[in-house]
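**Student:** For reference, the file coords.tsv (TSV, C-alpha atoms and all ligand atoms) is included below:
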```
chain	number	residue	atom	x	y	z
A	1	MET	CA	-150.48	-194.95	19.33
A	2	PHE	CA	-152.78	-197.91	18.59
A	3	GLU	CA	-156.14	-196.41	19.56
A	4	ASN	CA	-158.71	-196.72	16.73
A	5	LEU	CA	-155.89	-197.89	14.48
A	6	LYS	CA	-157.07	-199.63	11.31
A	7	PHE	CA	-153.71	-200.71	9.87
A	8	LEU	CA	-150.55	-201.94	11.56
A	9	VAL	CA	-147.56	-203.01	9.48
A	10	VAL	CA	-144.97	-205.12	11.26
A	11	GLY	CA	-141.55	-204.78	9.62
A	12	ALA	CA	-140.18	-201.82	7.63
A	13	GLY	CA	-138.40	-203.76	4.87
A	14	PHE	CA	-139.54	-203.51	1.25
A	15	SER	CA	-142.68	-205.60	1.76
A	16	GLY	CA	-143.97	-203.68	4.77
A	17	SER	CA	-142.89	-200.23	3.58
A	18	VAL	CA	-144.57	-200.61	0.17
A	19	ILE	CA	-147.86	-201.74	1.72
A	20	ALA	CA	-147.73	-198.87	4.22
A	21	GLU	CA	-147.01	-196.36	1.45
A	22	ARG	CA	-149.98	-197.64	-0.58
A	23	ILE	CA	-152.38	-197.60	2.40
A	24	ALA	CA	-151.36	-194.04	3.27
A	25	SER	CA	-151.30	-192.59	-0.25
A	26	GLN	CA	-154.14	-194.55	-1.88
A	27	LEU	CA	-156.59	-195.09	1.00
A	28	ASN	CA	-155.61	-191.93	2.86
A	29	GLU	CA	-155.61	-193.95	6.07
A	30	ARG	CA	-153.23	-193.70	9.00
A	31	VAL	CA	-150.87	-196.63	9.24
A	32	VAL	CA	-148.41	-197.44	12.00
A	33	VAL	CA	-145.22	-199.22	10.89
A	34	ILE	CA	-143.14	-200.83	13.60
A	35	ASP	CA	-139.71	-202.43	13.33
A	36	SER	CA	-137.58	-203.87	16.08
A	37	ARG	CA	-134.41	-202.46	14.49
A	38	ASN	CA	-133.33	-198.84	14.80
A	39	HIS	CA	-133.54	-198.25	11.04
A	40	PRO	CA	-136.03	-199.00	8.26
A	41	GLY	CA	-135.17	-201.07	5.19
A	42	GLY	CA	-134.86	-204.55	6.71
A	43	ASN	CA	-131.96	-206.46	5.25
A	44	SER	CA	-131.73	-204.08	2.27
A	45	TYR	CA	-130.58	-201.20	4.45
A	46	SER	CA	-127.47	-199.23	3.59
A	47	ASP	CA	-125.85	-196.14	5.04
A	48	SER	CA	-122.67	-194.22	4.63
A	49	ASP	CA	-119.56	-195.23	6.60
A	50	ALA	CA	-118.55	-192.24	8.74
A	51	ALA	CA	-114.78	-192.53	8.15
A	52	SER	CA	-114.72	-193.08	4.38
A	53	GLY	CA	-118.13	-191.88	3.10
A	54	ILE	CA	-118.60	-195.28	1.43
A	55	GLU	CA	-122.20	-196.48	1.20
A	56	CYS	CA	-122.25	-199.83	3.01
A	57	HIS	CA	-124.97	-202.45	2.64
A	58	ARG	CA	-125.24	-203.48	6.27
A	59	TYR	CA	-126.74	-206.93	5.59
A	60	GLY	CA	-124.77	-207.87	2.48
A	61	SER	CA	-124.90	-206.69	-1.13
A	62	HIS	CA	-128.30	-205.67	-2.48
A	63	ILE	CA	-128.45	-204.93	-6.19
A	64	PHE	CA	-131.83	-203.81	-7.40
A	65	HIS	CA	-132.87	-205.65	-10.56
A	66	THR	CA	-136.24	-206.41	-12.07
A	67	SER	CA	-138.13	-207.42	-15.17
A	68	PHE	CA	-141.42	-206.02	-13.83
A	69	ASP	CA	-142.19	-202.67	-15.52
A	70	LYS	CA	-144.71	-201.98	-12.80
A	71	VAL	CA	-142.17	-202.44	-10.00
A	72	TRP	CA	-139.52	-200.34	-11.75
A	73	THR	CA	-141.95	-197.47	-12.35
A	74	TYR	CA	-143.20	-197.68	-8.78
A	75	ILE	CA	-139.81	-197.66	-7.06
A	76	ASN	CA	-138.47	-194.87	-9.28
A	77	GLN	CA	-140.93	-192.54	-7.56
A	78	PHE	CA	-138.79	-192.80	-4.45
A	79	THR	CA	-135.24	-192.91	-5.73
A	80	GLN	CA	-133.07	-192.50	-8.78
A	81	PHE	CA	-130.75	-195.36	-9.66
A	82	ASN	CA	-127.19	-195.29	-10.91
A	83	HIS	CA	-126.06	-197.38	-13.90
A	84	TYR	CA	-124.35	-200.16	-11.96
A	85	GLN	CA	-124.52	-203.56	-13.72
A	86	HIS	CA	-123.66	-206.45	-11.41
A	87	LYS	CA	-120.78	-208.78	-12.29
A	88	VAL	CA	-119.51	-211.49	-9.97
A	89	LEU	CA	-116.19	-213.27	-9.91
A	90	THR	CA	-115.36	-216.44	-8.05
A	91	THR	CA	-112.06	-217.66	-6.69
A	92	TYR	CA	-111.39	-221.40	-6.93
A	93	GLN	CA	-108.04	-222.93	-5.99
A	94	GLY	CA	-106.25	-219.59	-6.31
A	95	HIS	CA	-107.67	-218.67	-9.74
A	96	VAL	CA	-110.34	-216.10	-10.49
A	97	TYR	CA	-113.22	-217.05	-12.81
A	98	GLN	CA	-116.33	-215.33	-14.07
A	99	MET	CA	-119.64	-216.24	-12.46
A	100	PRO	CA	-122.29	-217.18	-13.58
A	101	ILE	CA	-120.63	-219.85	-15.66
A	102	ASN	CA	-120.11	-218.48	-19.17
A	103	LEU	CA	-117.79	-219.11	-22.12
A	104	LYS	CA	-114.86	-217.44	-20.35
A	105	THR	CA	-115.38	-219.59	-17.23
A	106	VAL	CA	-115.49	-222.79	-19.30
A	107	ASN	CA	-112.45	-221.88	-21.41
A	108	ASP	CA	-110.40	-220.74	-18.39
A	109	PHE	CA	-111.35	-223.79	-16.34
A	110	TYR	CA	-110.60	-226.39	-19.04
A	111	GLY	CA	-107.74	-224.42	-20.67
A	112	LEU	CA	-109.62	-224.38	-23.98
A	113	ASN	CA	-110.53	-221.76	-26.55
A	114	LEU	CA	-114.00	-222.91	-27.58
A	115	LYS	CA	-116.37	-220.88	-29.69
A	116	PRO	CA	-119.99	-220.59	-28.43
A	117	PHE	CA	-121.34	-223.38	-30.66
A	118	GLU	CA	-118.48	-225.66	-29.61
A	119	ALA	CA	-118.98	-224.81	-25.93
A	120	GLN	CA	-122.68	-225.65	-26.15
A	121	GLN	CA	-121.88	-229.11	-27.43
A	122	PHE	CA	-119.04	-229.54	-24.94
A	123	ILE	CA	-121.20	-228.63	-21.93
A	124	GLN	CA	-124.02	-230.81	-23.23
A	125	GLU	CA	-121.66	-233.76	-23.45
A	126	GLU	CA	-120.26	-233.08	-19.96
A	127	ALA	CA	-123.79	-232.73	-18.57
A	128	GLY	CA	-124.98	-235.85	-20.38
A	129	LYS	CA	-122.29	-238.10	-18.83
A	130	ALA	CA	-124.22	-238.48	-15.55
A	131	GLY	CA	-127.39	-239.50	-17.42
A	132	ILE	CA	-129.73	-237.49	-15.18
A	133	SER	CA	-133.06	-236.93	-16.95
A	134	LYS	CA	-135.24	-235.92	-14.00
A	135	PRO	CA	-133.14	-234.01	-11.43
A	136	ARG	CA	-134.60	-234.41	-7.94
A	137	ASN	CA	-132.33	-232.06	-5.99
A	138	LEU	CA	-129.85	-229.19	-6.35
A	139	GLU	CA	-126.87	-231.46	-7.03
A	140	GLU	CA	-128.61	-233.43	-9.79
A	141	LYS	CA	-130.01	-230.26	-11.30
A	142	ALA	CA	-126.58	-228.58	-11.39
A	143	ILE	CA	-124.86	-231.65	-12.86
A	144	SER	CA	-127.59	-232.00	-15.49
A	145	LEU	CA	-126.89	-228.38	-16.52
A	146	ILE	CA	-123.08	-228.14	-16.40
A	147	GLY	CA	-121.62	-231.58	-15.70
A	148	GLU	CA	-119.80	-233.04	-12.71
A	149	LYS	CA	-116.48	-231.13	-13.00
A	150	LEU	CA	-117.83	-227.58	-13.17
A	151	TYR	CA	-120.34	-228.49	-10.47
A	152	ALA	CA	-117.62	-229.80	-8.17
A	153	ALA	CA	-115.51	-226.66	-8.67
A	154	PHE	CA	-118.00	-223.81	-8.56
A	155	ILE	CA	-121.21	-225.05	-6.98
A	156	ARG	CA	-120.64	-227.88	-4.51
A	157	GLY	CA	-118.31	-226.13	-2.04
A	158	TYR	CA	-120.10	-222.77	-2.17
A	159	THR	CA	-123.51	-224.38	-1.76
A	160	ARG	CA	-122.38	-226.53	1.18
A	161	LYS	CA	-121.03	-223.45	2.92
A	162	GLN	CA	-124.10	-221.37	2.15
A	163	TRP	CA	-126.71	-223.94	3.19
A	164	GLU	CA	-124.62	-226.12	5.54
A	165	ARG	CA	-126.05	-229.28	4.05
A	166	ASP	CA	-125.43	-231.65	1.20
A	167	PRO	CA	-126.65	-230.20	-2.13
A	168	LYS	CA	-128.53	-233.51	-2.52
A	169	ASP	CA	-130.79	-232.34	0.32
A	170	LEU	CA	-131.66	-229.00	-1.27
A	171	PRO	CA	-134.41	-228.15	-3.79
A	172	PRO	CA	-133.30	-227.85	-7.47
A	173	GLU	CA	-134.93	-224.39	-7.80
A	174	ILE	CA	-132.12	-222.67	-5.85
A	175	ILE	CA	-129.60	-223.31	-8.61
A	176	THR	CA	-131.88	-222.16	-11.43
A	177	ARG	CA	-131.35	-218.63	-10.06
A	178	LEU	CA	-127.99	-218.77	-11.87
A	179	PRO	CA	-127.91	-218.79	-15.68
A	180	VAL	CA	-125.38	-220.84	-17.66
A	181	ARG	CA	-124.10	-219.10	-20.80
A	182	SER	CA	-122.19	-220.21	-23.87
A	183	ASN	CA	-121.16	-216.62	-24.72
A	184	TYR	CA	-118.96	-214.02	-22.98
A	185	ASN	CA	-121.85	-212.22	-21.31
A	186	ALA	CA	-120.74	-211.80	-17.68
A	187	ASP	CA	-123.87	-210.06	-16.35
A	188	TYR	CA	-125.10	-211.65	-13.15
A	189	PHE	CA	-128.73	-210.69	-13.85
A	190	LYS	CA	-130.68	-210.77	-17.08
A	191	ASP	CA	-133.36	-208.26	-16.07
A	192	PRO	CA	-133.74	-205.12	-18.20
A	193	PHE	CA	-133.83	-202.79	-15.17
A	194	GLN	CA	-130.93	-202.64	-12.76
A	195	GLY	CA	-129.03	-200.24	-10.52
A	196	ILE	CA	-128.18	-199.08	-7.01
A	197	PRO	CA	-130.22	-196.27	-5.40
A	198	LEU	CA	-128.16	-193.12	-5.99
A	199	ASN	CA	-128.43	-191.94	-2.39
A	200	GLY	CA	-128.43	-195.41	-0.86
A	201	TYR	CA	-131.19	-197.64	0.48
A	202	GLY	CA	-131.52	-195.63	3.70
A	203	ALA	CA	-132.60	-192.57	1.71
A	204	LEU	CA	-134.91	-194.68	-0.46
A	205	PHE	CA	-136.72	-195.98	2.64
A	206	ARG	CA	-136.95	-192.53	4.21
A	207	ASN	CA	-138.78	-191.38	1.05
A	208	LEU	CA	-140.96	-194.46	0.85
A	209	LEU	CA	-142.09	-193.93	4.44
A	210	SER	CA	-142.35	-190.12	4.35
A	211	HIS	CA	-146.12	-189.84	3.83
A	212	PRO	CA	-147.69	-187.85	6.69
A	213	LYS	CA	-150.20	-190.65	7.30
A	214	ILE	CA	-147.35	-193.10	8.04
A	215	ASP	CA	-146.29	-193.30	11.66
A	216	LEU	CA	-142.93	-195.11	11.73
A	217	ARG	CA	-141.87	-196.45	15.12
A	218	LEU	CA	-138.41	-197.95	15.25
A	219	GLY	CA	-137.04	-200.11	18.06
A	220	VAL	CA	-140.51	-201.55	18.71
A	221	ASP	CA	-140.88	-205.31	19.08
A	222	TYR	CA	-144.26	-206.61	17.92
A	223	PHE	CA	-144.26	-209.36	20.53
A	224	GLU	CA	-144.04	-206.80	23.30
A	225	ILE	CA	-146.96	-204.68	22.09
A	226	ARG	CA	-149.27	-207.22	20.47
A	227	ASP	CA	-151.67	-207.23	23.44
A	228	ARG	CA	-152.33	-203.54	22.84
A	229	ILE	CA	-153.51	-203.87	19.21
A	230	PRO	CA	-157.28	-203.36	18.85
A	231	SER	CA	-159.01	-206.51	17.54
A	232	SER	CA	-160.47	-204.56	14.60
A	233	CYS	CA	-157.00	-203.55	13.34
A	234	THR	CA	-155.65	-205.24	10.20
A	235	ILE	CA	-152.15	-206.51	10.93
A	236	ILE	CA	-149.80	-206.90	7.98
A	237	TYR	CA	-147.02	-208.99	9.44
A	238	THR	CA	-143.79	-209.32	7.48
A	239	GLY	CA	-141.77	-211.17	10.10
A	240	MET	CA	-141.22	-214.91	10.43
A	241	ALA	CA	-144.46	-216.88	10.21
A	242	ASP	CA	-143.42	-219.46	12.83
A	243	GLN	CA	-142.60	-216.80	15.42
A	244	PHE	CA	-145.95	-215.09	14.88
A	245	PHE	CA	-147.69	-218.26	16.04
A	246	ASP	CA	-145.23	-218.90	18.88
A	247	TYR	CA	-143.72	-221.86	16.98
A	248	CYS	CA	-146.85	-223.93	17.69
A	249	TYR	CA	-146.14	-226.36	14.81
A	250	GLY	CA	-142.40	-226.27	15.44
A	251	PRO	CA	-139.75	-223.89	14.07
A	252	LEU	CA	-139.22	-223.31	10.36
A	253	GLU	CA	-135.60	-223.54	9.26
A	254	TRP	CA	-133.79	-220.40	8.13
A	255	ARG	CA	-130.24	-219.54	7.19
A	256	SER	CA	-128.63	-216.56	8.80
A	257	LEU	CA	-125.48	-214.61	7.93
A	258	ARG	CA	-122.60	-213.11	9.88
A	259	PHE	CA	-120.44	-210.27	8.57
A	260	GLU	CA	-116.85	-209.36	9.42
A	261	TRP	CA	-116.07	-205.75	8.56
A	262	GLU	CA	-112.68	-204.29	7.78
A	263	SER	CA	-111.59	-200.78	6.75
A	264	LYS	CA	-108.41	-200.51	4.72
A	265	ASP	CA	-106.16	-197.61	3.74
A	266	LEU	CA	-106.20	-198.63	0.08
A	267	GLN	CA	-107.93	-197.19	-2.95
A	268	ASP	CA	-109.11	-200.61	-4.16
A	269	TRP	CA	-108.73	-203.97	-2.42
A	270	GLN	CA	-110.33	-206.58	-4.72
A	271	GLY	CA	-111.24	-204.65	-7.86
A	272	THR	CA	-114.91	-205.61	-7.88
A	273	ALA	CA	-118.02	-205.44	-5.68
A	274	VAL	CA	-118.41	-209.17	-4.97
A	275	MET	CA	-115.84	-211.96	-5.01
A	276	ASN	CA	-117.23	-215.44	-4.30
A	277	TYR	CA	-115.06	-218.13	-2.75
A	278	ALA	CA	-115.90	-221.55	-4.13
A	279	ASP	CA	-113.44	-223.67	-2.11
A	280	ALA	CA	-115.04	-225.58	0.75
A	281	ASP	CA	-112.05	-224.88	3.04
A	282	VAL	CA	-112.34	-221.06	2.80
A	283	PRO	CA	-114.77	-220.36	5.64
A	284	TYR	CA	-116.58	-217.39	4.10
A	285	THR	CA	-118.77	-217.51	0.98
A	286	ARG	CA	-117.96	-214.07	-0.43
A	287	ILE	CA	-116.29	-210.71	0.15
A	288	HIS	CA	-118.07	-207.45	-0.60
A	289	GLU	CA	-116.24	-204.20	-1.37
A	290	PHE	CA	-118.94	-201.59	-1.32
A	291	LYS	CA	-117.31	-198.59	-3.01
A	292	HIS	CA	-117.63	-200.44	-6.35
A	293	TYR	CA	-121.41	-199.98	-6.23
A	294	HIS	CA	-121.03	-196.21	-6.61
A	295	PRO	CA	-118.44	-195.34	-9.27
A	296	GLU	CA	-120.40	-192.12	-9.82
A	297	ARG	CA	-119.35	-190.90	-6.35
A	298	GLU	CA	-116.02	-190.03	-7.87
A	299	GLU	CA	-114.33	-188.47	-4.87
A	300	VAL	CA	-115.19	-191.34	-2.52
A	301	PHE	CA	-114.26	-193.86	-5.21
A	302	ALA	CA	-110.83	-192.30	-5.80
A	303	SER	CA	-110.01	-191.87	-2.12
A	304	GLY	CA	-107.37	-194.01	-0.42
A	305	LYS	CA	-109.91	-195.75	1.80
A	306	THR	CA	-112.05	-198.80	1.25
A	307	VAL	CA	-114.40	-200.99	3.28
A	308	ILE	CA	-114.63	-204.74	2.80
A	309	CYS	CA	-116.85	-207.28	4.44
A	310	ARG	CA	-116.50	-211.07	4.65
A	311	GLU	CA	-119.80	-212.95	4.58
A	312	TYR	CA	-120.20	-216.17	6.58
A	313	SER	CA	-123.31	-218.29	6.43
A	314	GLN	CA	-124.65	-219.59	9.74
A	315	THR	CA	-127.58	-221.56	11.14
A	316	TYR	CA	-130.43	-219.38	12.28
A	317	THR	CA	-131.27	-219.47	15.98
A	318	PRO	CA	-133.60	-217.02	17.76
A	319	GLY	CA	-131.90	-213.69	18.30
A	320	LYS	CA	-130.11	-213.81	14.92
A	321	GLU	CA	-131.47	-212.31	11.70
A	322	ALA	CA	-133.28	-214.66	9.28
A	323	TYR	CA	-132.13	-214.29	5.66
A	324	TYR	CA	-132.98	-217.38	3.64
A	325	PRO	CA	-135.83	-219.89	4.01
A	326	VAL	CA	-134.75	-223.53	3.70
A	327	ASN	CA	-137.51	-224.63	1.33
A	328	ASN	CA	-137.31	-228.40	1.59
A	329	ALA	CA	-140.45	-230.54	1.65
A	330	GLU	CA	-140.65	-230.82	5.44
A	331	ASN	CA	-140.29	-227.09	6.07
A	332	ASN	CA	-142.76	-226.25	3.32
A	333	ARG	CA	-145.32	-228.62	4.86
A	334	ARG	CA	-144.83	-226.97	8.23
A	335	TYR	CA	-145.24	-223.55	6.66
A	336	GLU	CA	-148.56	-224.70	5.11
A	337	GLN	CA	-149.82	-225.43	8.64
A	338	TYR	CA	-148.98	-221.89	9.70
A	339	LEU	CA	-150.70	-220.58	6.61
A	340	GLU	CA	-153.87	-222.54	7.42
A	341	ARG	CA	-153.77	-221.11	10.91
A	342	ALA	CA	-153.40	-217.57	9.52
A	343	ALA	CA	-156.40	-218.13	7.25
A	344	LEU	CA	-158.54	-218.44	10.41
A	345	MET	CA	-157.57	-214.90	11.42
A	346	PRO	CA	-159.15	-212.54	8.87
A	347	ASN	CA	-157.41	-209.48	10.33
A	348	VAL	CA	-153.90	-210.98	9.94
A	349	ILE	CA	-152.00	-211.00	6.66
A	350	LEU	CA	-148.64	-212.76	6.41
A	351	ALA	CA	-146.53	-210.84	3.90
A	352	GLY	CA	-143.02	-210.56	2.50
A	353	ARG	CA	-140.14	-212.99	2.16
A	354	LEU	CA	-140.28	-214.04	5.82
A	355	GLY	CA	-144.09	-214.15	6.09
A	356	ASN	CA	-144.37	-216.18	2.88
A	357	TYR	CA	-141.32	-218.36	3.57
A	358	ARG	CA	-140.07	-217.71	0.04
A	359	TYR	CA	-136.63	-216.94	-1.42
A	360	TRP	CA	-137.71	-213.66	-3.03
A	361	ASP	CA	-135.55	-210.87	-4.39
A	362	MET	CA	-136.42	-207.25	-3.56
A	363	ASP	CA	-138.48	-206.74	-6.73
A	364	LYS	CA	-140.55	-209.86	-6.09
A	365	ALA	CA	-141.26	-208.63	-2.56
A	366	ILE	CA	-142.40	-205.26	-3.94
A	367	ASN	CA	-144.51	-206.90	-6.62
A	368	ASN	CA	-146.23	-209.08	-4.05
A	369	SER	CA	-146.91	-206.11	-1.81
A	370	LEU	CA	-148.46	-204.19	-4.71
A	371	LEU	CA	-150.71	-207.17	-5.46
A	372	LEU	CA	-151.55	-207.63	-1.80
A	373	PHE	CA	-152.47	-203.99	-1.52
A	374	GLU	CA	-155.13	-204.47	-4.22
A	375	GLN	CA	-156.76	-207.13	-2.02
A	376	ILE	CA	-156.53	-204.86	1.02
A	377	ARG	CA	-158.10	-202.04	-0.96
A	378	GLU	CA	-161.00	-204.25	-2.08
A	379	THR	CA	-161.74	-205.43	1.47
A	380	PHE	CA	-161.45	-201.87	2.77
A	381	GLU	CA	-163.78	-200.44	0.12
A	382	ASN	CA	-166.34	-203.20	0.62
A	383	ARG	CA	-166.37	-202.48	4.36
A	384	ALA	CA	-166.78	-198.73	3.92
B	401	LIG	N1	-124.09	-220.58	-6.03
B	401	LIG	C1	-122.94	-221.35	-6.14
B	401	LIG	N2	-121.76	-220.74	-6.45
B	401	LIG	C2	-121.65	-219.40	-6.64
B	401	LIG	C3	-122.82	-218.62	-6.54
B	401	LIG	C4	-124.02	-219.23	-6.22
B	401	LIG	O1	-122.99	-222.57	-5.94
B	401	LIG	O2	-120.54	-218.91	-6.91
B	401	LIG	C5	-125.36	-221.29	-5.72
B	401	LIG	C6	-125.59	-221.41	-4.20
B	401	LIG	O3	-126.28	-222.62	-3.95
B	401	LIG	C7	-126.48	-220.22	-3.91
B	401	LIG	C8	-127.35	-220.16	-5.16
B	401	LIG	O4	-126.47	-220.55	-6.22
B	401	LIG	O5	-127.23	-220.40	-2.72
B	401	LIG	C9	-127.99	-218.82	-5.46
B	401	LIG	O6	-126.98	-217.84	-5.59
B	401	LIG	P1	-127.32	-216.27	-5.55
B	401	LIG	O7	-126.08	-215.53	-5.88
B	401	LIG	O8	-128.54	-216.03	-6.34
B	401	LIG	O9	-127.64	-216.08	-3.99
B	401	LIG	P2	-127.92	-214.78	-3.09
B	401	LIG	O10	-127.18	-213.63	-3.71
B	401	LIG	O11	-129.40	-214.62	-3.01
B	401	LIG	O12	-127.32	-215.18	-1.78
```
For the file at hand, write its structure as structure tokens.
Ligand code: UDP
**Tutor:**
Amino acid sequence: MFENLKFLVVGAGFSGSVIAERIASQLNERVVVIDSRNHPGGNSYSDSDAASGIECHRYGSHIFHTSFDKVWTYINQFTQFNHYQHKVLTTYQGHVYQMPINLKTVNDFYGLNLKPFEAQQFIQEEAGKAGISKPRNLEEKAISLIGEKLYAAFIRGYTRKQWERDPKDLPPEIITRLPVRSNYNADYFKDPFQGIPLNGYGALFRNLLSHPKIDLRLGVDYFEIRDRIPSSCTIIYTGMADQFFDYCYGPLEWRSLRFEWESKDLQDWQGTAVMNYADADVPYTRIHEFKHYHPEREEVFASGKTVICREYSQTYTPGKEAYYPVNNAENNRRYEQYLERAALMPNVILAGRLGNYRYWDMDKAINNSLLLFEQIRETFENRA
């Protein structure tokens, strides 16, 4: 399988699959893609539940959204999208609120009926009370945006559960993923392009990897075959950077997730795709109900069956799946050491969310793979 091989991609998630597709279709070169799981798609994977026909995102909800024209055009070659627009609700002390924080959240929470211009001033005053001008961590950043009370209700408990640490010990960037709005716009994302692949992520990945020059090998662990890779082969590795180098500078920290699945004989259990749970004493962070991602599958949607899934955050230890990098200063420094080590190996490219130790969404991973492919192409053409 590896004889005379020029390109090996490790990991069949978005990052690896896009690079493999480009190498096969643009360079007309054979590329082997290996993944230790028995399906492609990494953590984006979805398939249909046998009993109900509901498309289930096996590693938690994945809503495709992007502002990159280039990424949208690229991915639309491999799938059509439905018109799903993501909205999130959050439960706090038995009441349901809109998330991200918008005018409805503020009015419901404070029992007010503010107009947008009044809400802007109100939130500014709340935020100003703490007198934080240069936020140094997630807590300070959140308070400087929304004030202590909204922070304590909607952010502190959820964030502690999600990251299992004090929000004071987390980087401020994490919270800037969430907008704060003074109008009634309840959209979770502000990108112009959004949707769920019509036939699911499994079908999307089967298309992405269908080029005859792509040799997909599932259930193959890189660490068991690495001795067989010819030294001239370019390895595009989308796994965890620390594991690649046998943890020689120590492990990088990751967050993992655990899911509890439940099938119910009900048409609709929670009325929406994602319900967050903000209270610190509710052990899970959110509940997914997957049929809401495909209202266009009318028969499945109307049926008397539904599938829900409780999401629990957990510390990553080897053997679990890595989901989120913990990008504090110490971990980032350690990652830099791995990066320097990788720079000494011209045939190894660290790619993707895990290889780059970055909290990227799917579109960012695709964008980076498209950019990376241009570098690979240049090197390849210069060699030829
Ligand atoms: N967050 C929060 N309350 C919520 C939703 C999100 O405090 O109801 C914070 C939390 O720190 C989380 C971050 O915002 O890690 C980013 O949330 P997002 O929904 O973007 O996370 P993802 O879907 O990638 O897990």
**Student:** Using all atoms listed in the file, can you tell me which of A:Trp261, A:Phe193, A:Tyr97, A:Tyr92 comes closest to Thr73 in chain A?
**Tutor:** A:Phe193
**Student:** Could you tell me, as a PDB file with C-alpha atoms, keeping the file's coordinate frame, which residues have any atom at most 12 Å from (-134.0, -195.4, 4.3), counting only C-alpha atoms?
**Tutor:**
```
ATOM      1  CA  ALA A  12    -140.180-201.820   7.630  1.00  0.00           C
ATOM      2  CA  GLY A  13    -138.400-203.760   4.870  1.00  0.00           C
ATOM      3  CA  PHE A  14    -139.540-203.510   1.250  1.00  0.00           C
ATOM      4  CA  SER A  17    -142.890-200.230   3.580  1.00  0.00           C
ATOM      5  CA  ASN A  38    -133.330-198.840  14.800  1.00  0.00           C
ATOM      6  CA  HIS A  39    -133.540-198.250  11.040  1.00  0.00           C
ATOM      7  CA  PRO A  40    -136.030-199.000   8.260  1.00  0.00           C
ATOM      8  CA  GLY A  41    -135.170-201.070   5.190  1.00  0.00           C
ATOM      9  CA  GLY A  42    -134.860-204.550   6.710  1.00  0.00           C
ATOM     10  CA  ASN A  43    -131.960-206.460   5.250  1.00  0.00           C
ATOM     11  CA  SER A  44    -131.730-204.080   2.270  1.00  0.00           C
ATOM     12  CA  TYR A  45    -130.580-201.200   4.450  1.00  0.00           C
ATOM     13  CA  SER A  46    -127.470-199.230   3.590  1.00  0.00           C
ATOM     14  CA  ASP A  47    -125.850-196.140   5.040  1.00  0.00           C
ATOM     15  CA  SER A  48    -122.670-194.220   4.630  1.00  0.00           C
ATOM     16  CA  HIS A  57    -124.970-202.450   2.640  1.00  0.00           C
ATOM     17  CA  PHE A  78    -138.790-192.800  -4.450  1.00  0.00           C
ATOM     18  CA  THR A  79    -135.240-192.910  -5.730  1.00  0.00           C
ATOM     19  CA  PRO A 197    -130.220-196.270  -5.400  1.00  0.00           C
ATOM     20  CA  ASN A 199    -128.430-191.940  -2.390  1.00  0.00           C
ATOM     21  CA  GLY A 200    -128.430-195.410  -0.860  1.00  0.00           C
ATOM     22  CA  TYR A 201    -131.190-197.640   0.480  1.00  0.00           C
ATOM     23  CA  GLY A 202    -131.520-195.630   3.700  1.00  0.00           C
ATOM     24  CA  ALA A 203    -132.600-192.570   1.710  1.00  0.00           C
ATOM     25  CA  LEU A 204    -134.910-194.680  -0.460  1.00  0.00           C
ATOM     26  CA  PHE A 205    -136.720-195.980   2.640  1.00  0.00           C
ATOM     27  CA  ARG A 206    -136.950-192.530   4.210  1.00  0.00           C
ATOM     28  CA  ASN A 207    -138.780-191.380   1.050  1.00  0.00           C
ATOM     29  CA  LEU A 208    -140.960-194.460   0.850  1.00  0.00           C
ATOM     30  CA  LEU A 209    -142.090-193.930   4.440  1.00  0.00           C
ATOM     31  CA  SER A 210    -142.350-190.120   4.350  1.00  0.00           C
ATOM     32  CA  LEU A 216    -142.930-195.110  11.730  1.00  0.00           C
TER      33      LEU A 216
END
```
**Student:** Please compute the CA of Ala351 in chain A-CA of Leu198 in chain A distance, one decimal, in Å.
**Tutor:**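 These atoms are spaced 27.4 Å apart.
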**Student:** Would you list the contacts of range 124-126 of chain A as an mmCIF file with C-alpha atoms, in the coordinates of the input, taking every protein, DNA or RNA residue within 12 Å and counting all atoms listed in the file, but skipping same-chain residues closer than 2 positions in sequence?
**Tutor:**
```cif
data_model
loop_
_atom_site.group_PDB
_atom_site.id
_atom_site.type_symbol
_atom_site.label_atom_id
_atom_site.label_comp_id
_atom_site.auth_asym_id
_atom_site.auth_seq_id
_atom_site.Cartn_x
_atom_site.Cartn_y
_atom_site.Cartn_z
ATOM 1 C CA VAL A 106 -115.490 -222.790 -19.300
ATOM 2 C CA TYR A 110 -110.600 -226.390 -19.040
ATOM 3 C CA PHE A 117 -121.340 -223.380 -30.660
ATOM 4 C CA GLU A 118 -118.480 -225.660 -29.610
ATOM 5 C CA ALA A 119 -118.980 -224.810 -25.930
ATOM 6 C CA GLN A 120 -122.680 -225.650 -26.150
ATOM 7 C CA GLN A 121 -121.880 -229.110 -27.430
ATOM 8 C CA PHE A 122 -119.040 -229.540 -24.940
ATOM 9 C CA GLY A 128 -124.980 -235.850 -20.380
ATOM 10 C CA LYS A 129 -122.290 -238.100 -18.830
ATOM 11 C CA ALA A 130 -124.220 -238.480 -15.550
ATOM 12 C CA GLY A 131 -127.390 -239.500 -17.420
ATOM 13 C CA ILE A 132 -129.730 -237.490 -15.180
ATOM 14 C CA ALA A 142 -126.580 -228.580 -11.390
ATOM 15 C CA ILE A 143 -124.860 -231.650 -12.860
ATOM 16 C CA SER A 144 -127.590 -232.000 -15.490
ATOM 17 C CA LEU A 145 -126.890 -228.380 -16.520
ATOM 18 C CA ILE A 146 -123.080 -228.140 -16.400
ATOM 19 C CA GLY A 147 -121.620 -231.580 -15.700
ATOM 20 C CA GLU A 148 -119.800 -233.040 -12.710
ATOM 21 C CA LYS A 149 -116.480 -231.130 -13.000
ATOM 22 C CA LEU A 150 -117.830 -227.580 -13.170
ATOM 23 C CA TYR A 151 -120.340 -228.490 -10.470
ATOM 24 C CA VAL A 180 -125.380 -220.840 -17.660
ATOM 25 C CA ARG A 181 -124.100 -219.100 -20.800
ATOM 26 C CA SER A 182 -122.190 -220.210 -23.870
#
```
